[in-house]
Amino acid sequence: MFQDRYTLAFKLYPYAKSADQDADTPVRHPVVVVGGGPIGLATALDLGRQGIPVVLLDDHEGVGVGSRAICFSKRTLEIADRYGCGAPMLDKGVVWNVGKVFHDDRQVYDFNLLPEDGHRNPAFINLQQPYFERFLFEQIVAEQENGAPIDIRGKNRVDAMTDQGDHVTLNITTPDGPYTITADWLIACDGASSPLRAMMGLDFDGRVFQDSFLIADIRMTSKSFPTERWFWFEPWFKSGASTLLHKQPDDVWRIDFQIGWDVDRKEELKEDNIRARIDAMLGDDVEYDIVWSSIYTFQCRRMKEFRHGRVIFAGDAAHQVSPFGARGANSGMQDVDNLGWKLGLVLNGTAPETLLDSYHEERSYGADENILNSTRSTDFITPKSKISHIFRNAVLDLAEHHAFARPIVNSGRLSLPCTYDGLSLNGADDLTGGPARTRPGSPCPDAPLGDGFLLDHLGNDFVLLAINADVPAQITEDGIPIRRVALATPEDATGALAERYLGTATAAVYLIRPDQHVVARWDGFDETAVRRALRTACGKD
Amino acid sequence: MAELNLSPNLTEPDEFYAALIESHTGLTEEESMAQNARLILLLANHIGDCDTLKQAITLARAQADEGS
């Protein structure tokens with residue numbers, strides 16, 4: 001009755017019987033998270049670090065095999081830094097900046113992400129998803145040792161959910177049989193095929209792309225492929241209509257072959273057939289082991305509403321994109337970043353429940369942006385008509401000779417964090433000459449500060465960032481404290497802080513959310529304006 | 001937003017038209033489509049402004065829809 005759906009890369013949380021299973025009446029929990037993928041783990045970590053008791057239910061006992069989401073963005077690493085586990089990710093991950101684009105046997109052009117100086121984290125790292133999850137889990141263990149009330153239950157499968165209005169009832173199956181718990185809030189992080197979404201009969205509409213991609217992870221010690229992202233349109237070696245080669249840690253390379261819609265999955269996944277494609281690409285004399293292989297198809301779609309009363313959907317359960325652009329796991333991490341503090345304030349009674357509607361408002365806005373970008377990439381990579389194919393190849397032909405066409409080449413627009421322009425929680429933009437990149441709604445860009453970085457000082461609670469301005473050490477508005485971070489030009493040795501936060505202004509005051517997004521900014525300190533902005537940011541006006 | 005110029009603007013209309021047709025000489029239908037695609041991309045970059053380009057795209061498409 002308890003069948004594993006996949007094999008594990010790391011067994012992290014073996015089944016152990018919980019006292020809840022012997023309780024006479026169902027035990028009530030403030031928050032239950034369903035799903036132990038990266039988004040579920042990060043949600044449990046975010047809430048647990050705030051001291052909120054959280055139970056995570058997963059139907060396995062650890063992380064599944066397969067590199068899956070391999071590209072993790074700077075914003076994801078910044079979020080992980082806030083949780084205390086960014087460093088091991090960066091340490092293990094492969095940093096890359098150069099990409100090359102080929103058409104047939106010709107290099108069309110190459111690009112360098114040219115990451116801006118003065119950030120703790122690079123634009124991207126490549127890291128197998130199981131490592132990413134393991135580092136999150138190890139941080140959960142570290143937080144548990146510090147008293148964080150996080151309870152992870154392996155081999156606990158939710159078989160039924162009943163919405164009771166102000167709470168939910170969960171029927172759970174374990175190796176020791178069934179039991180029931182209740183929860184004030186349920187966070188569904190149970191993946192693209194979300195069983196909870198299905199149980200609730202909720203929509204998940206969007207566009208299906210009629211194409212399949214064969215992934216092969218191979219281990220080779222060859223030095224002939226540098227640490228770069230190589231993308232072929234219509235490669236000469238004919239192993240797919242497009243092919244992507246990308247480096248991962250442990251001498252492993254990810255290869256994605258676009259193999260068409262009508263494929264015999266079983267046949268294509270036979271080792272001999274995978275090797276035939278790889279050999280055509282690498283040549284017969286390159287030795288390698290196949291570490292993992294899989295065939296995937298994809299869709300671009302999202303739920304109409306991410307919040308349904310006491311049930312909140314996050315990550316792939318709420319939205320799904322094509323893999324081009326690394327917008328899946330990275331956008332899920334932004335969901336967690338966005339939801340954590342809001343749920344924290346609602347649970348401790350300092351913000352109204354309606355604050356959680358802004359989670360849907362902001363993250364569905366982000367999802368739409370991601371779907372738009374990844375749909376456009378997909379349409380470029382896999383043209384759907386003869387004329388779109390002709391235009392695509394015309395772009396590639398021109399790009400080889402003329403710089404003007406290169407910005408049109410779209411082999412994936414890489415994930416950037418969303419700026420919540422014009423949404424309800426934003427306050428005033430009253431900083432004359434302030435840079436556009438730090439306008440209200442923006443994620444705070446990093447900047448060097450002494451031996452560390454600006455973002456080390458932001459996040460977890462509301463911050464009043466004062467640059468060359470006097471502000472009080474602490475302000476408390478209606479139960480919510482605002483912490484001061486006061487900086488002055490002499491501390492900005494590189495000038496990056498001024499460039500990113502002052503623009504042409506000489507002083508600035510920023511109100512910054514616990515997820516490091518800008519609420520509002522001003523030329524100087526005005527207590528009434530700060531208090532008003534905080535109320536707006538907490539959904540109180 | 002730049003208004004799409006629908007007044008006569010070609011310095012040498014006959015010269016331009018002849019060159020346009022001449023550029024397709026000896027091409028198969030497929031090659032002609034590719035030639036047109038490259039030409040459109042080159043001209044679009046020269047115009048640059050997306051709003052202007054979208055006006056032209058909409059106007060061109062409207063005639064196809066009327067004709068059908």
# chains A, B, ... in the order shown; residues from 1 in each chain; ligands from 1
>>> select_by_dssp(residues="segment 51-109 of chain A", states="alpha helix (DSSP H)", output="ChimeraX atom specification")
/A:74-83,86-92
>>> write_last_selection(atoms="N, CA and C atoms", output="PDB file, in the first residue's frame")
ATOM      1  N   LYS A  74      20.875  34.064  -9.081  1.00  0.00           N
ATOM      2  CA  LYS A  74      21.386  34.905  -7.991  1.00  0.00           C
ATOM      3  C   LYS A  74      20.318  35.149  -6.936  1.00  0.00           C
ATOM      4  N   ARG A  75      19.100  35.454  -7.366  1.00  0.00           N
ATOM      5  CA  ARG A  75      18.049  35.750  -6.385  1.00  0.00           C
ATOM      6  C   ARG A  75      17.792  34.541  -5.482  1.00  0.00           C
ATOM      7  N   THR A  76      17.818  33.335  -6.073  1.00  0.00           N
ATOM      8  CA  THR A  76      17.630  32.129  -5.273  1.00  0.00           C
ATOM      9  C   THR A  76      18.754  31.990  -4.246  1.00  0.00           C
ATOM     10  N   LEU A  77      19.984  32.274  -4.674  1.00  0.00           N
ATOM     11  CA  LEU A  77      21.107  32.184  -3.732  1.00  0.00           C
ATOM     12  C   LEU A  77      20.983  33.244  -2.636  1.00  0.00           C
ATOM     13  N   GLU A  78      20.452  34.407  -2.989  1.00  0.00           N
ATOM     14  CA  GLU A  78      20.265  35.455  -1.969  1.00  0.00           C
ATOM     15  C   GLU A  78      19.216  35.028  -0.946  1.00  0.00           C
ATOM     16  N   ILE A  79      18.161  34.388  -1.433  1.00  0.00           N
ATOM     17  CA  ILE A  79      17.134  33.888  -0.510  1.00  0.00           C
ATOM     18  C   ILE A  79      17.747  32.815   0.388  1.00  0.00           C
ATOM     19  N   ALA A  80      18.523  31.911  -0.231  1.00  0.00           N
ATOM     20  CA  ALA A  80      19.184  30.858   0.550  1.00  0.00           C
ATOM     21  C   ALA A  80      20.159  31.463   1.563  1.00  0.00           C
ATOM     22  N   ASP A  81      20.832  32.550   1.183  1.00  0.00           N
ATOM     23  CA  ASP A  81      21.712  33.235   2.143  1.00  0.00           C
ATOM     24  C   ASP A  81      20.923  33.738   3.343  1.00  0.00           C
ATOM     25  N   ARG A  82      19.740  34.266   3.076  1.00  0.00           N
ATOM     26  CA  ARG A  82      18.899  34.763   4.182  1.00  0.00           C
ATOM     27  C   ARG A  82      18.547  33.620   5.123  1.00  0.00           C
ATOM     28  N   TYR A  83      18.385  32.413   4.548  1.00  0.00           N
ATOM     29  CA  TYR A  83      18.061  31.242   5.370  1.00  0.00           C
ATOM     30  C   TYR A  83      19.308  30.617   5.984  1.00  0.00           C
ATOM     31  N   GLY A  86      23.126  29.557   1.756  1.00  0.00           N
ATOM     32  CA  GLY A  86      23.601  29.931   0.419  1.00  0.00           C
ATOM     33  C   GLY A  86      25.047  29.504   0.179  1.00  0.00           C
ATOM     34  N   ALA A  87      25.880  29.598   1.232  1.00  0.00           N
ATOM     35  CA  ALA A  87      27.318  29.343   1.059  1.00  0.00           C
ATOM     36  C   ALA A  87      27.630  27.931   0.546  1.00  0.00           C
ATOM     37  N   PRO A  88      27.060  26.867   1.139  1.00  0.00           N
ATOM     38  CA  PRO A  88      27.373  25.535   0.609  1.00  0.00           C
ATOM     39  C   PRO A  88      26.892  25.324  -0.826  1.00  0.00           C
ATOM     40  N   MET A  89      25.812  26.009  -1.210  1.00  0.00           N
ATOM     41  CA  MET A  89      25.319  25.908  -2.595  1.00  0.00           C
ATOM     42  C   MET A  89      26.330  26.531  -3.551  1.00  0.00           C
ATOM     43  N   LEU A  90      26.777  27.730  -3.180  1.00  0.00           N
ATOM     44  CA  LEU A  90      27.731  28.447  -4.026  1.00  0.00           C
ATOM     45  C   LEU A  90      29.046  27.675  -4.101  1.00  0.00           C
ATOM     46  N   ASP A  91      29.421  27.084  -2.967  1.00  0.00           N
ATOM     47  CA  ASP A  91      30.669  26.341  -2.890  1.00  0.00           C
ATOM     48  C   ASP A  91      30.643  25.101  -3.790  1.00  0.00           C
ATOM     49  N   LYS A  92      29.502  24.428  -3.800  1.00  0.00           N
ATOM     50  CA  LYS A  92      29.383  23.187  -4.580  1.00  0.00           C
ATOM     51  C   LYS A  92      29.061  23.468  -6.056  1.00  0.00           C
TER      52      LYS A  92
END
>>> interface_residues(of="chain B", to="chain A", cutoff="10 Å", atoms="only C-alpha atoms", output="list in words")
Glu30, Glu31, Met33, Ala34, Gln35, Asn36, Ala37, Arg38, Leu39, Ile40, Leu41, Leu42, Asn45 and His46 of chain B
>>> write_last_selection(atoms="all heavy atoms", output="short mmCIF file (atom, residue, chain, number, x, y, z; two decimals), in the first residue's frame")
data_model
loop_
_atom_site.label_atom_id
_atom_site.label_comp_id
_atom_site.auth_asym_id
_atom_site.auth_seq_id
_atom_site.Cartn_x
_atom_site.Cartn_y
_atom_site.Cartn_z
N GLU B 30 10.87 28.83 -51.34
CA GLU B 30 11.39 28.75 -49.96
C GLU B 30 12.50 29.76 -49.72
O GLU B 30 12.51 30.47 -48.72
CB GLU B 30 11.91 27.33 -49.72
CG GLU B 30 12.33 27.07 -48.30
CD GLU B 30 11.43 26.04 -47.64
OE1 GLU B 30 10.43 25.61 -48.27
OE2 GLU B 30 11.72 25.67 -46.53
N GLU B 31 13.43 29.84 -50.67
CA GLU B 31 14.53 30.80 -50.54
C GLU B 31 14.03 32.23 -50.58
O GLU B 31 14.56 33.11 -49.90
CB GLU B 31 15.57 30.57 -51.66
CG GLU B 31 16.37 29.29 -51.48
CD GLU B 31 17.11 28.88 -52.77
OE1 GLU B 31 16.77 29.37 -53.86
OE2 GLU B 31 18.02 28.04 -52.64
N MET B 33 11.12 33.20 -49.46
CA MET B 33 10.54 33.49 -48.14
C MET B 33 11.64 33.85 -47.15
O MET B 33 11.49 34.76 -46.32
CB MET B 33 9.74 32.28 -47.64
CG MET B 33 8.40 32.12 -48.35
SD MET B 33 7.60 30.55 -47.91
CE MET B 33 6.86 30.96 -46.35
N ALA B 34 12.76 33.13 -47.22
CA ALA B 34 13.88 33.42 -46.32
C ALA B 34 14.47 34.79 -46.62
O ALA B 34 14.82 35.55 -45.73
CB ALA B 34 14.93 32.32 -46.44
N GLN B 35 14.57 35.10 -47.91
CA GLN B 35 15.08 36.41 -48.33
C GLN B 35 14.19 37.53 -47.76
O GLN B 35 14.68 38.51 -47.19
CB GLN B 35 15.11 36.47 -49.87
CG GLN B 35 15.20 37.85 -50.48
CD GLN B 35 16.58 38.47 -50.36
OE1 GLN B 35 17.54 37.80 -50.00
NE2 GLN B 35 16.67 39.77 -50.62
N ASN B 36 12.87 37.35 -47.90
CA ASN B 36 11.94 38.34 -47.35
C ASN B 36 12.08 38.47 -45.84
O ASN B 36 12.03 39.56 -45.28
CB ASN B 36 10.50 37.99 -47.71
CG ASN B 36 10.17 38.39 -49.14
OD1 ASN B 36 10.87 39.20 -49.74
ND2 ASN B 36 9.09 37.82 -49.68
N ALA B 37 12.23 37.33 -45.19
CA ALA B 37 12.35 37.34 -43.72
C ALA B 37 13.59 38.13 -43.30
O ALA B 37 13.53 38.97 -42.40
CB ALA B 37 12.40 35.91 -43.18
N ARG B 38 14.70 37.86 -43.96
CA ARG B 38 15.93 38.60 -43.62
C ARG B 38 15.75 40.10 -43.86
O ARG B 38 16.16 40.92 -43.04
CB ARG B 38 17.11 38.07 -44.44
CG ARG B 38 17.61 36.70 -44.01
CD ARG B 38 18.94 36.34 -44.68
NE ARG B 38 18.83 36.24 -46.13
CZ ARG B 38 18.51 35.12 -46.80
NH1 ARG B 38 18.27 34.00 -46.13
NH2 ARG B 38 18.43 35.12 -48.11
N LEU B 39 15.10 40.42 -44.98
CA LEU B 39 14.88 41.82 -45.31
C LEU B 39 14.02 42.51 -44.26
O LEU B 39 14.31 43.63 -43.81
CB LEU B 39 14.24 41.92 -46.70
CG LEU B 39 14.00 43.31 -47.26
CD1 LEU B 39 15.32 44.07 -47.45
CD2 LEU B 39 13.24 43.25 -48.59
N ILE B 40 12.95 41.85 -43.87
CA ILE B 40 12.05 42.43 -42.85
C ILE B 40 12.83 42.69 -41.55
O ILE B 40 12.70 43.74 -40.92
CB ILE B 40 10.85 41.50 -42.59
CG1 ILE B 40 9.89 41.52 -43.79
CG2 ILE B 40 10.12 41.88 -41.30
CD1 ILE B 40 8.83 40.43 -43.76
N LEU B 41 13.65 41.71 -41.16
CA LEU B 41 14.41 41.86 -39.91
C LEU B 41 15.39 43.03 -39.99
O LEU B 41 15.53 43.81 -39.04
CB LEU B 41 15.14 40.56 -39.57
CG LEU B 41 14.21 39.39 -39.19
CD1 LEU B 41 14.97 38.06 -39.24
CD2 LEU B 41 13.61 39.61 -37.81
N LEU B 42 16.05 43.16 -41.14
CA LEU B 42 16.99 44.28 -41.32
C LEU B 42 16.26 45.62 -41.25
O LEU B 42 16.71 46.55 -40.57
CB LEU B 42 17.69 44.15 -42.69
CG LEU B 42 18.82 43.13 -42.75
CD1 LEU B 42 19.06 42.66 -44.19
CD2 LEU B 42 20.10 43.74 -42.18
N ASN B 45 14.96 46.45 -37.71
CA ASN B 45 16.00 46.97 -36.81
C ASN B 45 16.29 48.44 -37.13
O ASN B 45 16.53 49.24 -36.23
CB ASN B 45 17.27 46.14 -36.95
CG ASN B 45 18.35 46.61 -36.00
OD1 ASN B 45 18.21 46.47 -34.80
ND2 ASN B 45 19.41 47.20 -36.54
N HIS B 46 16.23 48.79 -38.40
CA HIS B 46 16.49 50.17 -38.79
C HIS B 46 15.42 51.10 -38.21
O HIS B 46 15.72 52.19 -37.74
CB HIS B 46 16.54 50.30 -40.31
CG HIS B 46 17.01 51.64 -40.78
ND1 HIS B 46 18.35 51.97 -40.85
CD2 HIS B 46 16.33 52.74 -41.17
CE1 HIS B 46 18.46 53.22 -41.26
NE2 HIS B 46 17.26 53.71 -41.48
#
>>> select_by_dssp(residues="segment 55-125 of chain A", states="strand (DSSP E)", output="list of chain:residue names")
A:Val55, A:Leu56, A:Leu57, A:Gly62, A:Val63, A:Gly64, A:Cys71, A:Phe72, A:Ser73, A:Val94, A:Val95, A:Val98, A:Gly99, A:Lys100, A:Val101, A:Phe102, A:His103, A:Arg106, A:Gln107, A:Val108, A:Tyr109, A:Asp110, A:Phe111, A:Asn112, A:Phe124, A:Ile125
>>> closest_residue(among="A:Asp117, A:Ser374, A:Asn156, A:Glu353", to="Gly177 of chain A", atoms="only C-alpha atoms")
A:Asn156
>>> atom_distance(atom1="atom CA of Phe257 of chain A", atom2="atom CA of Lys100 of chain A")
16.3 Å
>>> residues_around(residues="segment 48-55 of chain B", least_positions_apart="2", cutoff="7 Å", atoms="only C-alpha atoms", output="list in words")
Met1, Ala2, Glu3, Leu4, Ala44, Asn45, His46, Ile57, Thr58 and Leu59 of chain B
>>> write_last_selection(atoms="all heavy atoms", output="compact mmCIF listing (two decimals), in the first residue's frame")
# COMPACT_ATOMS: atom_id res chain seq x y z
N MET B 1 5.26 58.00 -28.92
CA MET B 1 5.11 56.93 -29.91
C MET B 1 5.18 57.52 -31.32
O MET B 1 4.46 58.44 -31.65
CB MET B 1 3.77 56.23 -29.70
CG MET B 1 3.50 55.11 -30.66
SD MET B 1 2.10 54.10 -30.13
CE MET B 1 0.83 54.73 -31.20
N ALA B 2 6.08 56.95 -32.10
CA ALA B 2 6.24 57.44 -33.47
C ALA B 2 5.09 56.92 -34.34
O ALA B 2 4.76 55.74 -34.30
CB ALA B 2 7.58 56.99 -34.03
N GLU B 3 4.51 57.83 -35.09
CA GLU B 3 3.41 57.46 -35.98
C GLU B 3 3.98 56.82 -37.24
O GLU B 3 4.95 57.32 -37.82
CB GLU B 3 2.63 58.74 -36.34
CG GLU B 3 1.31 58.51 -37.02
CD GLU B 3 0.21 58.10 -36.05
OE1 GLU B 3 0.35 58.33 -34.82
OE2 GLU B 3 -0.78 57.54 -36.54
N LEU B 4 3.41 55.71 -37.66
CA LEU B 4 3.89 55.06 -38.88
C LEU B 4 3.63 56.01 -40.06
O LEU B 4 2.53 56.52 -40.24
CB LEU B 4 3.13 53.75 -39.09
CG LEU B 4 3.53 52.93 -40.32
CD1 LEU B 4 4.94 52.38 -40.16
CD2 LEU B 4 2.55 51.79 -40.54
N ALA B 44 13.31 46.21 -39.92
CA ALA B 44 12.72 46.40 -38.59
C ALA B 44 13.74 46.97 -37.63
O ALA B 44 13.45 47.88 -36.85
CB ALA B 44 12.17 45.07 -38.06
N ASN B 45 14.96 46.45 -37.71
CA ASN B 45 16.00 46.97 -36.81
C ASN B 45 16.29 48.44 -37.13
O ASN B 45 16.53 49.24 -36.23
CB ASN B 45 17.27 46.14 -36.95
CG ASN B 45 18.35 46.61 -36.00
OD1 ASN B 45 18.21 46.47 -34.80
ND2 ASN B 45 19.41 47.20 -36.54
N HIS B 46 16.23 48.79 -38.40
CA HIS B 46 16.49 50.17 -38.79
C HIS B 46 15.42 51.10 -38.21
O HIS B 46 15.72 52.19 -37.74
CB HIS B 46 16.54 50.30 -40.31
CG HIS B 46 17.01 51.64 -40.78
ND1 HIS B 46 18.35 51.97 -40.85
CD2 HIS B 46 16.33 52.74 -41.17
CE1 HIS B 46 18.46 53.22 -41.26
NE2 HIS B 46 17.26 53.71 -41.48
N ILE B 57 2.69 46.10 -38.68
CA ILE B 57 2.27 44.69 -38.66
C ILE B 57 0.74 44.61 -38.69
O ILE B 57 0.15 43.85 -39.46
CB ILE B 57 2.84 43.98 -37.41
CG1 ILE B 57 4.37 43.79 -37.55
CG2 ILE B 57 2.16 42.63 -37.18
CD1 ILE B 57 5.08 43.39 -36.28
N THR B 58 0.11 45.44 -37.85
CA THR B 58 -1.35 45.42 -37.76
C THR B 58 -1.99 45.83 -39.10
O THR B 58 -2.95 45.21 -39.56
CB THR B 58 -1.82 46.39 -36.66
OG1 THR B 58 -1.14 46.03 -35.46
CG2 THR B 58 -3.31 46.32 -36.43
N LEU B 59 -1.42 46.87 -39.70
CA LEU B 59 -1.96 47.37 -40.96
C LEU B 59 -1.83 46.32 -42.07
O LEU B 59 -2.77 46.09 -42.84
CB LEU B 59 -1.18 48.64 -41.34
CG LEU B 59 -1.89 49.68 -42.18
CD1 LEU B 59 -3.12 50.18 -41.45
CD2 LEU B 59 -0.94 50.85 -42.46
>>> residues_around(residues="Ala533 of chain A", least_positions_apart="6", cutoff="9 Å", atoms="only C-alpha atoms", output="ChimeraX atom specification")
/A:425-428,511,519-520
>>> write_last_selection(atoms="all heavy atoms", output="short mmCIF file (atom, residue, chain, number, x, y, z; two decimals), in the first residue's frame")
data_model
loop_
_atom_site.label_atom_id
_atom_site.label_comp_id
_atom_site.auth_asym_id
_atom_site.auth_seq_id
_atom_site.Cartn_x
_atom_site.Cartn_y
_atom_site.Cartn_z
N LEU A 425 0.87 46.52 -2.42
CA LEU A 425 1.66 46.71 -1.20
C LEU A 425 2.71 47.81 -1.33
O LEU A 425 3.36 48.15 -0.35
CB LEU A 425 2.36 45.41 -0.78
CG LEU A 425 1.48 44.19 -0.47
CD1 LEU A 425 2.31 43.10 0.18
CD2 LEU A 425 0.30 44.54 0.41
N ASN A 426 2.88 48.35 -2.54
CA ASN A 426 3.91 49.36 -2.73
C ASN A 426 3.48 50.70 -2.16
O ASN A 426 2.31 51.08 -2.22
CB ASN A 426 4.21 49.57 -4.23
CG ASN A 426 4.84 48.34 -4.86
OD1 ASN A 426 5.26 47.42 -4.15
ND2 ASN A 426 4.90 48.33 -6.17
N GLY A 427 4.48 51.43 -1.63
CA GLY A 427 4.25 52.77 -1.13
C GLY A 427 4.80 53.83 -2.07
O GLY A 427 4.97 53.58 -3.27
N ALA A 428 5.15 54.96 -1.48
CA ALA A 428 5.54 56.13 -2.27
C ALA A 428 6.91 55.97 -2.91
O ALA A 428 7.79 55.33 -2.35
CB ALA A 428 5.55 57.35 -1.36
N LEU A 511 12.15 52.00 2.88
CA LEU A 511 11.49 50.98 3.71
C LEU A 511 11.53 49.68 2.92
O LEU A 511 11.08 49.63 1.76
CB LEU A 511 10.05 51.38 4.03
CG LEU A 511 9.28 50.35 4.89
CD1 LEU A 511 9.93 50.18 6.27
CD2 LEU A 511 7.81 50.74 5.05
N VAL A 519 9.57 48.74 -0.35
CA VAL A 519 8.18 49.20 -0.17
C VAL A 519 8.04 50.62 -0.71
O VAL A 519 7.15 50.92 -1.50
CB VAL A 519 7.78 49.20 1.32
CG1 VAL A 519 6.37 49.77 1.49
CG2 VAL A 519 7.88 47.81 1.92
N ALA A 520 8.92 51.50 -0.22
CA ALA A 520 8.81 52.92 -0.54
C ALA A 520 10.17 53.56 -0.32
O ALA A 520 11.04 52.97 0.33
CB ALA A 520 7.76 53.59 0.35
#
>>> decode(residues="segment 156-167 of chain A", atoms="N, CA, C and O atoms", output="mmCIF file, in the first residue's frame")
data_model
loop_
_atom_site.group_PDB
_atom_site.id
_atom_site.type_symbol
_atom_site.label_atom_id
_atom_site.label_comp_id
_atom_site.auth_asym_id
_atom_site.auth_seq_id
_atom_site.Cartn_x
_atom_site.Cartn_y
_atom_site.Cartn_z
ATOM 1 N N ASN A 156 4.608 10.062 4.710
ATOM 2 C CA ASN A 156 3.289 10.520 5.152
ATOM 3 C C ASN A 156 2.602 11.072 3.913
ATOM 4 O O ASN A 156 2.946 12.157 3.421
ATOM 5 N N ARG A 157 1.649 10.295 3.393
ATOM 6 C CA ARG A 157 1.001 10.681 2.143
ATOM 7 C C ARG A 157 -0.404 11.209 2.426
ATOM 8 O O ARG A 157 -1.188 10.520 3.105
ATOM 9 N N VAL A 158 -0.697 12.391 1.927
ATOM 10 C CA VAL A 158 -2.040 12.949 2.125
ATOM 11 C C VAL A 158 -2.981 12.313 1.102
ATOM 12 O O VAL A 158 -2.782 12.442 -0.101
ATOM 13 N N ASP A 159 -3.981 11.613 1.590
ATOM 14 C CA ASP A 159 -4.932 10.939 0.693
ATOM 15 C C ASP A 159 -6.237 11.699 0.537
ATOM 16 O O ASP A 159 -6.968 11.489 -0.423
ATOM 17 N N ALA A 160 -6.533 12.545 1.517
ATOM 18 C CA ALA A 160 -7.758 13.340 1.397
ATOM 19 C C ALA A 160 -7.608 14.619 2.192
ATOM 20 O O ALA A 160 -6.908 14.661 3.212
ATOM 21 N N MET A 161 -8.238 15.675 1.680
ATOM 22 C CA MET A 161 -8.200 16.967 2.346
ATOM 23 C C MET A 161 -9.619 17.516 2.371
ATOM 24 O O MET A 161 -10.311 17.478 1.355
ATOM 25 N N THR A 162 -10.044 17.962 3.539
ATOM 26 C CA THR A 162 -11.370 18.570 3.643
ATOM 27 C C THR A 162 -11.211 20.008 4.113
ATOM 28 O O THR A 162 -10.592 20.257 5.155
ATOM 29 N N ASP A 163 -11.737 20.923 3.351
ATOM 30 C CA ASP A 163 -11.676 22.336 3.702
ATOM 31 C C ASP A 163 -12.811 22.636 4.679
ATOM 32 O O ASP A 163 -13.987 22.481 4.347
ATOM 33 N N GLN A 164 -12.432 23.044 5.901
ATOM 34 C CA GLN A 164 -13.444 23.310 6.931
ATOM 35 C C GLN A 164 -13.692 24.814 7.097
ATOM 36 O O GLN A 164 -14.212 25.242 8.128
ATOM 37 N N GLY A 165 -13.265 25.589 6.134
ATOM 38 C CA GLY A 165 -13.472 27.048 6.240
ATOM 39 C C GLY A 165 -12.321 27.724 6.950
ATOM 40 O O GLY A 165 -11.489 28.355 6.319
ATOM 41 N N ASP A 166 -12.264 27.568 8.282
ATOM 42 C CA ASP A 166 -11.171 28.210 9.023
ATOM 43 C C ASP A 166 -10.034 27.245 9.342
ATOM 44 O O ASP A 166 -9.120 27.571 10.078
ATOM 45 N N HIS A 167 -10.094 26.048 8.832
ATOM 46 C CA HIS A 167 -8.990 25.097 8.926
ATOM 47 C C HIS A 167 -9.241 23.972 7.923
ATOM 48 O O HIS A 167 -10.272 23.961 7.245
#
